[in-house]
>>> print(open('upload-v4.tsv').read())   # TSV, C-alpha atoms and all ligand atoms
chain	number	residue	atom	x	y	z
A	117	MET	CA	12.65	-5.80	16.10
A	118	LYS	CA	12.20	-2.04	16.00
A	119	LYS	CA	8.78	-1.08	17.33
A	120	LEU	CA	8.36	2.11	15.33
A	121	PRO	CA	7.29	4.16	18.37
A	122	GLU	CA	6.77	7.30	16.32
A	123	LEU	CA	3.91	5.65	14.40
A	124	PHE	CA	2.12	4.77	17.64
A	125	ALA	CA	2.69	8.32	18.90
A	126	ASN	CA	1.28	9.70	15.64
A	127	ASN	CA	-1.72	7.41	16.01
A	128	ARG	CA	-2.46	8.56	19.56
A	129	ASP	CA	-2.22	12.21	18.46
A	130	TRP	CA	-4.52	11.57	15.51
A	131	ALA	CA	-7.14	9.67	17.54
A	132	TYR	CA	-7.06	12.40	20.21
A	133	SER	CA	-7.54	15.24	17.69
A	134	VAL	CA	-10.37	13.44	15.85
A	135	GLU	CA	-12.17	12.74	19.12
A	136	LYS	CA	-11.60	16.32	20.31
A	137	ASN	CA	-13.26	17.76	17.17
A	138	HIS	CA	-15.97	15.10	16.96
A	139	PRO	CA	-16.80	13.62	20.38
A	140	ASP	CA	-17.81	9.93	20.19
A	141	PHE	CA	-16.56	9.74	16.59
A	142	PHE	CA	-15.02	6.29	17.03
A	143	LYS	CA	-17.85	4.90	19.17
A	144	THR	CA	-20.36	5.89	16.48
A	145	LEU	CA	-18.16	4.58	13.66
A	146	ALA	CA	-17.61	1.25	15.42
A	147	LYS	CA	-21.33	0.48	15.15
A	148	GLN	CA	-21.48	0.63	11.35
A	149	GLN	CA	-19.84	1.88	8.16
A	150	ASN	CA	-21.98	3.61	5.58
A	151	PRO	CA	-19.71	4.67	2.71
A	152	GLU	CA	-21.18	6.03	-0.50
A	153	TYR	CA	-18.05	5.39	-2.57
A	154	LEU	CA	-15.75	2.53	-3.51
A	155	TRP	CA	-12.26	3.66	-4.48
A	156	ILE	CA	-10.12	1.38	-6.66
A	157	GLY	CA	-6.67	2.95	-6.80
A	158	CYS	CA	-2.95	2.29	-7.09
A	159	SER	CA	-0.91	1.13	-4.07
A	160	ASP	CA	1.50	4.04	-4.65
A	161	SER	CA	2.21	5.76	-1.30
A	162	ARG	CA	1.81	9.17	-2.95
A	163	VAL	CA	-1.85	8.54	-3.73
A	164	PRO	CA	-3.62	8.24	-0.34
A	165	ALA	CA	-7.29	7.73	-1.20
A	166	ASN	CA	-9.12	9.36	1.73
A	167	GLU	CA	-6.83	12.38	1.91
A	168	ILE	CA	-7.08	13.25	-1.79
A	169	VAL	CA	-10.86	13.53	-1.69
A	170	GLY	CA	-11.10	14.84	1.88
A	171	LEU	CA	-13.16	11.97	3.24
A	172	ALA	CA	-13.12	10.73	6.83
A	173	PRO	CA	-12.91	7.12	8.06
A	174	GLY	CA	-16.20	5.42	7.25
A	175	GLU	CA	-16.85	7.43	4.09
A	176	LEU	CA	-14.72	5.59	1.51
A	177	PHE	CA	-14.44	1.84	0.91
A	178	VAL	CA	-11.01	1.21	-0.57
A	179	HIS	CA	-9.22	-1.36	-2.72
A	180	ARG	CA	-5.70	-0.69	-3.90
A	181	ASN	CA	-3.21	-2.69	-5.95
A	182	VAL	CA	-0.26	-2.02	-8.23
A	183	GLY	CA	-1.60	-0.21	-11.28
A	184	ASN	CA	-5.24	0.04	-10.05
A	185	LEU	CA	-6.19	-3.05	-12.04
A	186	VAL	CA	-9.54	-4.85	-12.10
A	187	VAL	CA	-8.57	-8.29	-13.35
A	188	HIS	CA	-11.49	-10.57	-14.16
A	189	GLY	CA	-10.17	-13.50	-12.13
A	190	ASP	CA	-8.90	-11.48	-9.15
A	191	MET	CA	-11.03	-12.78	-6.25
A	192	ASN	CA	-9.65	-10.10	-3.96
A	193	CYS	CA	-10.83	-7.16	-6.07
A	194	LEU	CA	-14.08	-8.88	-7.09
A	195	SER	CA	-14.91	-9.64	-3.46
A	196	VAL	CA	-14.37	-6.00	-2.54
A	197	ILE	CA	-16.65	-4.87	-5.39
A	198	GLN	CA	-19.31	-7.40	-4.42
A	199	TYR	CA	-19.32	-6.44	-0.76
A	200	ALA	CA	-19.40	-2.74	-1.67
A	201	VAL	CA	-22.26	-3.09	-4.16
A	202	ASP	CA	-24.39	-5.87	-2.68
A	203	VAL	CA	-23.98	-5.25	1.05
A	204	LEU	CA	-22.87	-1.65	1.56
A	205	LYS	CA	-24.96	-0.44	-1.41
A	206	ILE	CA	-22.39	2.16	-2.40
A	207	ARG	CA	-23.53	4.56	-5.13
A	208	HIS	CA	-20.23	5.23	-6.91
A	209	ILE	CA	-17.24	3.13	-7.92
A	210	ILE	CA	-14.23	5.34	-8.65
A	211	VAL	CA	-11.32	3.83	-10.56
A	212	CYS	CA	-8.49	6.28	-9.97
A	213	GLY	CA	-5.12	5.98	-11.67
A	214	HIS	CA	-2.27	8.43	-11.45
A	215	TYR	CA	0.23	9.96	-13.83
A	216	GLY	CA	3.76	8.58	-13.63
A	217	CYS	CA	2.53	5.21	-12.33
A	218	GLY	CA	5.44	2.85	-11.61
A	219	GLY	CA	3.38	-0.18	-12.64
A	220	VAL	CA	2.53	1.36	-16.00
A	221	THR	CA	6.15	2.45	-16.48
A	222	ALA	CA	7.43	-1.04	-15.68
A	223	SER	CA	4.98	-2.59	-18.15
A	224	LEU	CA	6.65	-0.60	-20.93
A	225	GLU	CA	10.17	-1.76	-20.09
A	226	LYS	CA	11.87	-4.54	-22.01
A	227	LYS	CA	13.68	-5.88	-18.91
A	228	THR	CA	12.01	-8.38	-16.60
A	229	HIS	CA	10.86	-7.60	-13.04
A	230	GLY	CA	10.00	-11.08	-11.77
A	231	LEU	CA	6.57	-12.13	-10.54
A	232	ILE	CA	4.98	-8.73	-11.03
A	233	ASP	CA	5.37	-9.03	-14.80
A	234	ASN	CA	2.43	-11.46	-14.69
A	235	TRP	CA	0.31	-8.83	-12.93
A	236	LEU	CA	1.40	-6.13	-15.37
A	237	ARG	CA	0.49	-8.31	-18.34
A	238	ASP	CA	-2.91	-6.62	-18.57
A	239	ILE	CA	-1.29	-3.20	-19.01
A	240	LYS	CA	0.95	-4.62	-21.74
A	241	ASP	CA	-2.22	-5.82	-23.47
A	242	ILE	CA	-3.68	-2.31	-23.30
A	243	TYR	CA	-0.51	-1.00	-24.95
A	244	SER	CA	-0.91	-3.58	-27.73
A	245	CYS	CA	-4.54	-2.51	-28.31
A	246	HIS	CA	-3.56	1.15	-28.61
A	247	GLN	CA	-0.10	0.90	-30.14
A	248	ASP	CA	-1.01	2.89	-33.25
A	249	GLU	CA	-1.86	5.91	-31.08
A	250	LEU	CA	0.86	5.33	-28.49
A	251	LYS	CA	3.66	5.06	-31.05
A	252	LYS	CA	3.10	8.75	-31.85
A	253	TYR	CA	4.34	9.80	-28.41
A	254	LYS	CA	8.02	10.60	-28.80
A	255	ASP	CA	8.86	11.40	-25.19
A	256	ARG	CA	8.65	8.79	-22.47
A	257	ILE	CA	6.70	10.85	-19.93
A	258	SER	CA	3.86	11.62	-22.35
A	259	LEU	CA	3.72	7.98	-23.43
A	260	VAL	CA	3.55	6.70	-19.83
A	261	ASN	CA	0.92	9.27	-18.89
A	262	ARG	CA	-1.30	8.48	-21.86
A	263	LEU	CA	-1.04	4.76	-21.07
A	264	CYS	CA	-1.98	5.61	-17.45
A	265	GLU	CA	-5.18	7.23	-18.79
A	266	LEU	CA	-5.96	4.35	-21.15
A	267	ASN	CA	-5.41	1.92	-18.28
A	268	VAL	CA	-8.04	3.71	-16.17
A	269	VAL	CA	-10.54	3.59	-19.06
A	270	ARG	CA	-9.91	-0.14	-19.48
A	271	GLN	CA	-10.39	-0.78	-15.77
A	272	VAL	CA	-13.69	1.15	-15.80
A	273	TYR	CA	-14.71	-1.11	-18.68
A	274	ASN	CA	-13.66	-4.16	-16.65
A	275	VAL	CA	-15.66	-3.01	-13.60
A	276	CYS	CA	-18.75	-2.48	-15.80
A	277	HIS	CA	-18.30	-5.98	-17.21
A	278	THR	CA	-18.36	-7.75	-13.84
A	279	THR	CA	-21.44	-9.80	-13.05
A	280	ILE	CA	-21.71	-7.72	-9.88
A	281	VAL	CA	-22.23	-4.40	-11.68
A	282	GLN	CA	-24.26	-5.95	-14.52
A	283	ASP	CA	-26.62	-7.56	-11.98
A	284	ALA	CA	-26.91	-4.32	-9.99
A	285	TRP	CA	-27.91	-2.40	-13.12
A	286	ALA	CA	-30.35	-5.16	-14.13
A	287	ARG	CA	-32.19	-4.76	-10.81
A	288	LYS	CA	-32.12	-0.93	-11.23
A	289	GLN	CA	-29.76	-0.34	-8.32
A	290	GLU	CA	-28.35	3.19	-8.41
A	291	LEU	CA	-24.68	2.72	-9.27
A	292	ALA	CA	-22.21	4.77	-11.32
A	293	VAL	CA	-18.67	3.81	-12.34
A	294	HIS	CA	-16.17	6.64	-12.83
A	295	GLY	CA	-12.66	6.92	-14.31
A	296	TRP	CA	-10.38	9.53	-12.75
A	297	ILE	CA	-6.67	10.23	-12.82
A	298	TYR	CA	-4.54	11.98	-10.20
A	299	GLY	CA	-1.56	14.23	-10.80
A	300	ILE	CA	1.19	13.57	-8.25
A	301	GLU	CA	2.87	16.80	-9.36
A	302	ASP	CA	-0.09	19.09	-8.58
A	303	GLY	CA	-2.30	17.04	-6.25
A	304	LEU	CA	-5.31	17.41	-8.55
A	305	LEU	CA	-7.82	14.91	-9.88
A	306	ARG	CA	-9.00	14.85	-13.51
A	307	ASP	CA	-12.23	13.24	-14.65
A	308	LEU	CA	-11.61	11.10	-17.75
A	309	LYS	CA	-15.32	11.38	-18.60
A	310	VAL	CA	-16.11	7.70	-18.94
A	311	CYS	CA	-18.80	7.66	-16.27
A	312	ALA	CA	-21.28	4.83	-16.76
A	313	ALA	CA	-24.46	4.76	-14.67
A	314	GLY	CA	-26.30	1.96	-16.48
A	315	LYS	CA	-26.22	-0.39	-19.45
A	316	GLU	CA	-27.13	2.42	-21.90
A	317	ASP	CA	-24.27	4.68	-20.72
A	318	TYR	CA	-21.91	1.79	-20.76
A	319	ALA	CA	-22.84	0.82	-24.32
A	320	ARG	CA	-22.51	4.45	-25.49
A	321	ILE	CA	-19.13	5.05	-23.87
A	322	PHE	CA	-17.56	1.87	-25.07
A	323	LYS	CA	-19.26	1.46	-28.44
A	324	LYS	CA	-16.28	2.50	-30.56
A	325	THR	CA	-14.19	-0.52	-29.73
A	326	SER	CA	-15.06	-3.86	-28.25
A	327	ARG	CA	-12.17	-3.38	-25.80
A	328	PRO	CA	-11.12	0.17	-24.94
B	401	CO	CO	0.86	3.56	-9.58
>>> encode(input="upload-v4.tsv", output="structure tokens", more="lines below")
Ligand code: CO
Amino acid sequence: MKKLPELFANNRDWAYSVEKNHPDFFKTLAKQQNPEYLWIGCSDSRVPANEIVGLAPGELFVHRNVGNLVVHGDMNCLSVIQYAVDVLKIRHIIVCGHYGCGGVTASLEKKTHGLIDNWLRDIKDIYSCHQDELKKYKDRISLVNRLCELNVVRQVYNVCHTTIVQDAWARKQELAVHGWIYGIEDGLLRDLKVCAAGKEDYARIFKKTSRP
């Protein structure tokens, strides 16, 4: 088995440079984490959460999966949200998609991809909900990118709908849910302006349709 020595060398260099700039950084961090943000993003290797927003270890709690989905029965994602909200008391949940997402692209294809088609089913459902609008996109890239945006909006909606967020808002815990999208081609984030910081915001943002 290859031991990937270059990754260990990279790690030693990184740990040395962090410690050089911030003495006792790791000792302090080992005692506790105190992140203000939960990031729910895509597993895509081109979208590294901490780097994009310039946050250090300890500053961002992260959950990533294919297509940045928040599926109601996904115990993994729900457990992350619960720990972040109830225990870490994070102030912001950021659902961040990205343009050109492979999961979104695959969900639009007629061919099968095996097991992952079950996971992508939720994105297919979003397409069905918005097919009148989406049918107007003649080129594939624009269609995929618009569905990437709609997917983020739906996942923000799903986060807001969890018992975890609903309970936090009911007890007046400060908590906002944001929908962002990242451009792999320019490295920039866009705010999709669906920020919900309480039940009133949530009702206003999502009032037009029962499911965005
Ligand atoms: Co993706």
>>> atom_distance(input="upload-v4.tsv", atom1="CA of Val187 in chain A", atom2="CA of Ser244 in chain A")
17.0 Å
>>> residues_around(input="upload-v4.tsv", residues="range 277-290 of chain A", least_positions_apart="5", cutoff="12 Å", atoms="all atoms listed in the file", output="PDB file with C-alpha atoms, keeping the file's coordinate frame")
ATOM      1  CA  GLU A 152     -21.180   6.030  -0.500  1.00  0.00           C
ATOM      2  CA  VAL A 186      -9.540  -4.850 -12.100  1.00  0.00           C
ATOM      3  CA  VAL A 187      -8.570  -8.290 -13.350  1.00  0.00           C
ATOM      4  CA  HIS A 188     -11.490 -10.570 -14.160  1.00  0.00           C
ATOM      5  CA  GLY A 189     -10.170 -13.500 -12.130  1.00  0.00           C
ATOM      6  CA  ASP A 190      -8.900 -11.480  -9.150  1.00  0.00           C
ATOM      7  CA  MET A 191     -11.030 -12.780  -6.250  1.00  0.00           C
ATOM      8  CA  CYS A 193     -10.830  -7.160  -6.070  1.00  0.00           C
ATOM      9  CA  LEU A 194     -14.080  -8.880  -7.090  1.00  0.00           C
ATOM     10  CA  SER A 195     -14.910  -9.640  -3.460  1.00  0.00           C
ATOM     11  CA  VAL A 196     -14.370  -6.000  -2.540  1.00  0.00           C
ATOM     12  CA  ILE A 197     -16.650  -4.870  -5.390  1.00  0.00           C
ATOM     13  CA  GLN A 198     -19.310  -7.400  -4.420  1.00  0.00           C
ATOM     14  CA  TYR A 199     -19.320  -6.440  -0.760  1.00  0.00           C
ATOM     15  CA  ALA A 200     -19.400  -2.740  -1.670  1.00  0.00           C
ATOM     16  CA  VAL A 201     -22.260  -3.090  -4.160  1.00  0.00           C
ATOM     17  CA  ASP A 202     -24.390  -5.870  -2.680  1.00  0.00           C
ATOM     18  CA  VAL A 203     -23.980  -5.250   1.050  1.00  0.00           C
ATOM     19  CA  LYS A 205     -24.960  -0.440  -1.410  1.00  0.00           C
ATOM     20  CA  ILE A 206     -22.390   2.160  -2.400  1.00  0.00           C
ATOM     21  CA  ARG A 207     -23.530   4.560  -5.130  1.00  0.00           C
ATOM     22  CA  HIS A 208     -20.230   5.230  -6.910  1.00  0.00           C
ATOM     23  CA  ILE A 209     -17.240   3.130  -7.920  1.00  0.00           C
ATOM     24  CA  ARG A 270      -9.910  -0.140 -19.480  1.00  0.00           C
ATOM     25  CA  GLN A 271     -10.390  -0.780 -15.770  1.00  0.00           C
ATOM     26  CA  VAL A 272     -13.690   1.150 -15.800  1.00  0.00           C
ATOM     27  CA  ALA A 312     -21.280   4.830 -16.760  1.00  0.00           C
ATOM     28  CA  ALA A 313     -24.460   4.760 -14.670  1.00  0.00           C
ATOM     29  CA  GLY A 314     -26.300   1.960 -16.480  1.00  0.00           C
ATOM     30  CA  LYS A 315     -26.220  -0.390 -19.450  1.00  0.00           C
ATOM     31  CA  GLU A 316     -27.130   2.420 -21.900  1.00  0.00           C
ATOM     32  CA  ASP A 317     -24.270   4.680 -20.720  1.00  0.00           C
ATOM     33  CA  TYR A 318     -21.910   1.790 -20.760  1.00  0.00           C
ATOM     34  CA  ALA A 319     -22.840   0.820 -24.320  1.00  0.00           C
ATOM     35  CA  PHE A 322     -17.560   1.870 -25.070  1.00  0.00           C
ATOM     36  CA  SER A 326     -15.060  -3.860 -28.250  1.00  0.00           C
ATOM     37  CA  ARG A 327     -12.170  -3.380 -25.800  1.00  0.00           C
TER      38      ARG A 327
END
>>> residues_near_ligand(input="upload-v4.tsv", ligand="ligand CO 401 (chain B)", cutoff="6 Å", atoms="all atoms listed in the file", output="PDB file with C-alpha atoms, keeping the file's coordinate frame")
ATOM      1  CA  CYS A 158      -2.950   2.290  -7.090  1.00  0.00           C
ATOM      2  CA  ASP A 160       1.500   4.040  -4.650  1.00  0.00           C
ATOM      3  CA  VAL A 182      -0.260  -2.020  -8.230  1.00  0.00           C
ATOM      4  CA  GLY A 183      -1.600  -0.210 -11.280  1.00  0.00           C
ATOM      5  CA  CYS A 217       2.530   5.210 -12.330  1.00  0.00           C
ATOM      6  CA  GLY A 218       5.440   2.850 -11.610  1.00  0.00           C
ATOM      7  CA  GLY A 219       3.380  -0.180 -12.640  1.00  0.00           C
TER       8      GLY A 219
END
>>> atom_distance(input="upload-v4.tsv", atom1="CA of His179 in chain A", atom2="CA of Pro121 in chain A")
27.3 Å
>>> residues_near_point(input="upload-v4.tsv", point="(-17.0, 8.2, -0.2)", cutoff="7 Å", atoms="only C-alpha atoms", output="PyMOL selection string")
chain A and resi 151-154+171+175-177
>>> closest_residue(input="upload-v4.tsv", among="A:Val134, A:Val211, A:Ile232, A:Leu266", to="Ala165 in chain A", atoms="only C-alpha atoms")
A:Val211
>>> residues_around(input="upload-v4.tsv", residues="Asn234 in chain A", least_positions_apart="3", cutoff="12 Å", atoms="all atoms listed in the file", output="list in words")
Val182, Val187, Gly219, Ala222, Ser223, Thr228, His229, Gly230, Leu231, Arg237, Asp238, Ile239, Lys240 and Asp241 of chain A
>>> residues_around(input="upload-v4.tsv", residues="Asp307 in chain A", least_positions_apart="4", cutoff="12 Å", atoms="only C-alpha atoms", output="number ranges by chain")
A: 210-214, 265, 268-269, 293-299, 311
>>> closest_atom_pairs(input="upload-v4.tsv", of="range 164-237 of chain A", to="range 140-148 of chain A", cutoff="12 Å", atoms="only C-alpha atoms", output="tab-separated table")
residue	atom	partner	partner_atom	distance
A:Ala172	CA	A:Phe141	CA	10.4
A:Pro173	CA	A:Leu145	CA	8.1
A:Gly174	CA	A:Leu145	CA	6.8
A:Glu175	CA	A:Leu145	CA	10.1
A:Leu204	CA	A:Gln148	CA	10.1
>>> closest_residue(input="upload-v4.tsv", among="A:Cys276, A:Val163, A:Leu263, A:Leu224", to="Ile300 in chain A", atoms="all atoms listed in the file")
A:Val163
>>> atom_distance(input="upload-v4.tsv", atom1="CA of Val275 in chain A", atom2="CA of Gly216 in chain A")
22.6 Å
>>> residues_near_point(input="upload-v4.tsv", point="(1.7, 5.1, -17.7)", cutoff="7 Å", atoms="all atoms listed in the file", output="PyMOL selection string")
chain A and resi 215-217+220-221+259-264
>>> closest_residue(input="upload-v4.tsv", among="A:Leu120, A:Asp248, A:Trp235, A:Gly303", to="Pro164 in chain A", atoms="all atoms listed in the file")
A:Gly303
>>> closest_residue(input="upload-v4.tsv", among="A:Gln149, A:Arg180, A:Tyr253, A:Leu236", to="Ser161 in chain A", atoms="all atoms listed in the file")
A:Arg180
>>> axis_aligned_box(input="upload-v4.tsv", around="range 202-216 of chain A", padding_each_side="6 Å", output="AutoDock Vina command-line options")
--center_x -10.6 --center_y 2.0 --center_z -6.1 --size_x 40.7 --size_y 27.8 --size_z 27.4
>>> decode(input="upload-v4.tsv", residues="range 201-228 of chain A", atoms="N, CA and C atoms", output="compact mmCIF listing (two decimals), in the first residue's frame")
# COMPACT_ATOMS: atom_id res chain seq x y z
N VAL A 201 -26.46 23.41 16.49
CA VAL A 201 -27.44 24.37 17.03
C VAL A 201 -27.59 24.23 18.54
N ASP A 202 -27.77 22.99 19.00
CA ASP A 202 -28.09 22.78 20.42
C ASP A 202 -26.86 22.82 21.33
N VAL A 203 -25.74 22.32 20.84
CA VAL A 203 -24.56 22.23 21.71
C VAL A 203 -23.56 23.36 21.43
N LEU A 204 -23.20 23.53 20.17
CA LEU A 204 -22.21 24.57 19.84
C LEU A 204 -22.83 25.97 19.79
N LYS A 205 -24.16 26.01 19.68
CA LYS A 205 -24.88 27.30 19.63
C LYS A 205 -24.37 28.20 18.50
N ILE A 206 -24.18 27.61 17.34
CA ILE A 206 -23.75 28.41 16.19
C ILE A 206 -24.84 29.41 15.83
N ARG A 207 -24.44 30.53 15.23
CA ARG A 207 -25.39 31.61 14.94
C ARG A 207 -25.91 31.56 13.50
N HIS A 208 -25.14 30.92 12.61
CA HIS A 208 -25.50 30.93 11.19
C HIS A 208 -25.35 29.53 10.59
N ILE A 209 -26.37 29.13 9.83
CA ILE A 209 -26.25 27.91 9.02
C ILE A 209 -26.18 28.37 7.58
N ILE A 210 -25.11 28.01 6.89
CA ILE A 210 -24.93 28.42 5.50
C ILE A 210 -25.07 27.19 4.61
N VAL A 211 -26.11 27.18 3.77
CA VAL A 211 -26.22 26.14 2.75
C VAL A 211 -25.54 26.72 1.52
N CYS A 212 -24.46 26.09 1.08
CA CYS A 212 -23.73 26.64 -0.06
C CYS A 212 -23.63 25.62 -1.18
N GLY A 213 -24.29 25.91 -2.29
CA GLY A 213 -24.17 25.09 -3.49
C GLY A 213 -23.08 25.65 -4.38
N HIS A 214 -22.94 25.10 -5.55
CA HIS A 214 -21.98 25.66 -6.51
C HIS A 214 -22.47 25.43 -7.93
N TYR A 215 -22.12 26.38 -8.79
CA TYR A 215 -22.50 26.23 -10.20
C TYR A 215 -21.75 25.05 -10.81
N GLY A 216 -22.37 24.41 -11.78
CA GLY A 216 -21.75 23.27 -12.45
C GLY A 216 -21.67 22.03 -11.58
N CYS A 217 -22.56 21.91 -10.60
CA CYS A 217 -22.51 20.77 -9.67
C CYS A 217 -22.75 19.44 -10.41
N GLY A 218 -21.85 18.48 -10.17
CA GLY A 218 -21.96 17.18 -10.83
C GLY A 218 -23.21 16.42 -10.41
N GLY A 219 -23.60 16.59 -9.14
CA GLY A 219 -24.81 15.92 -8.65
C GLY A 219 -26.05 16.46 -9.34
N VAL A 220 -26.10 17.77 -9.48
CA VAL A 220 -27.25 18.39 -10.15
C VAL A 220 -27.26 17.99 -11.63
N THR A 221 -26.09 18.00 -12.25
CA THR A 221 -25.98 17.61 -13.66
C THR A 221 -26.46 16.17 -13.85
N ALA A 222 -26.00 15.28 -12.98
CA ALA A 222 -26.38 13.87 -13.09
C ALA A 222 -27.89 13.68 -12.91
N SER A 223 -28.49 14.51 -12.07
CA SER A 223 -29.93 14.37 -11.81
C SER A 223 -30.76 14.70 -13.06
N LEU A 224 -30.15 15.45 -13.97
CA LEU A 224 -30.86 15.83 -15.20
C LEU A 224 -30.69 14.81 -16.33
N GLU A 225 -29.78 13.88 -16.12
CA GLU A 225 -29.49 12.91 -17.20
C GLU A 225 -30.51 11.77 -17.21
N LYS A 226 -30.77 11.28 -18.41
CA LYS A 226 -31.73 10.18 -18.54
C LYS A 226 -31.11 8.84 -18.15
N LYS A 227 -29.76 8.71 -18.33
CA LYS A 227 -29.10 7.44 -18.00
C LYS A 227 -29.04 7.22 -16.49
N THR A 228 -28.85 5.97 -16.11
CA THR A 228 -28.78 5.66 -14.68
C THR A 228 -27.34 5.71 -14.18
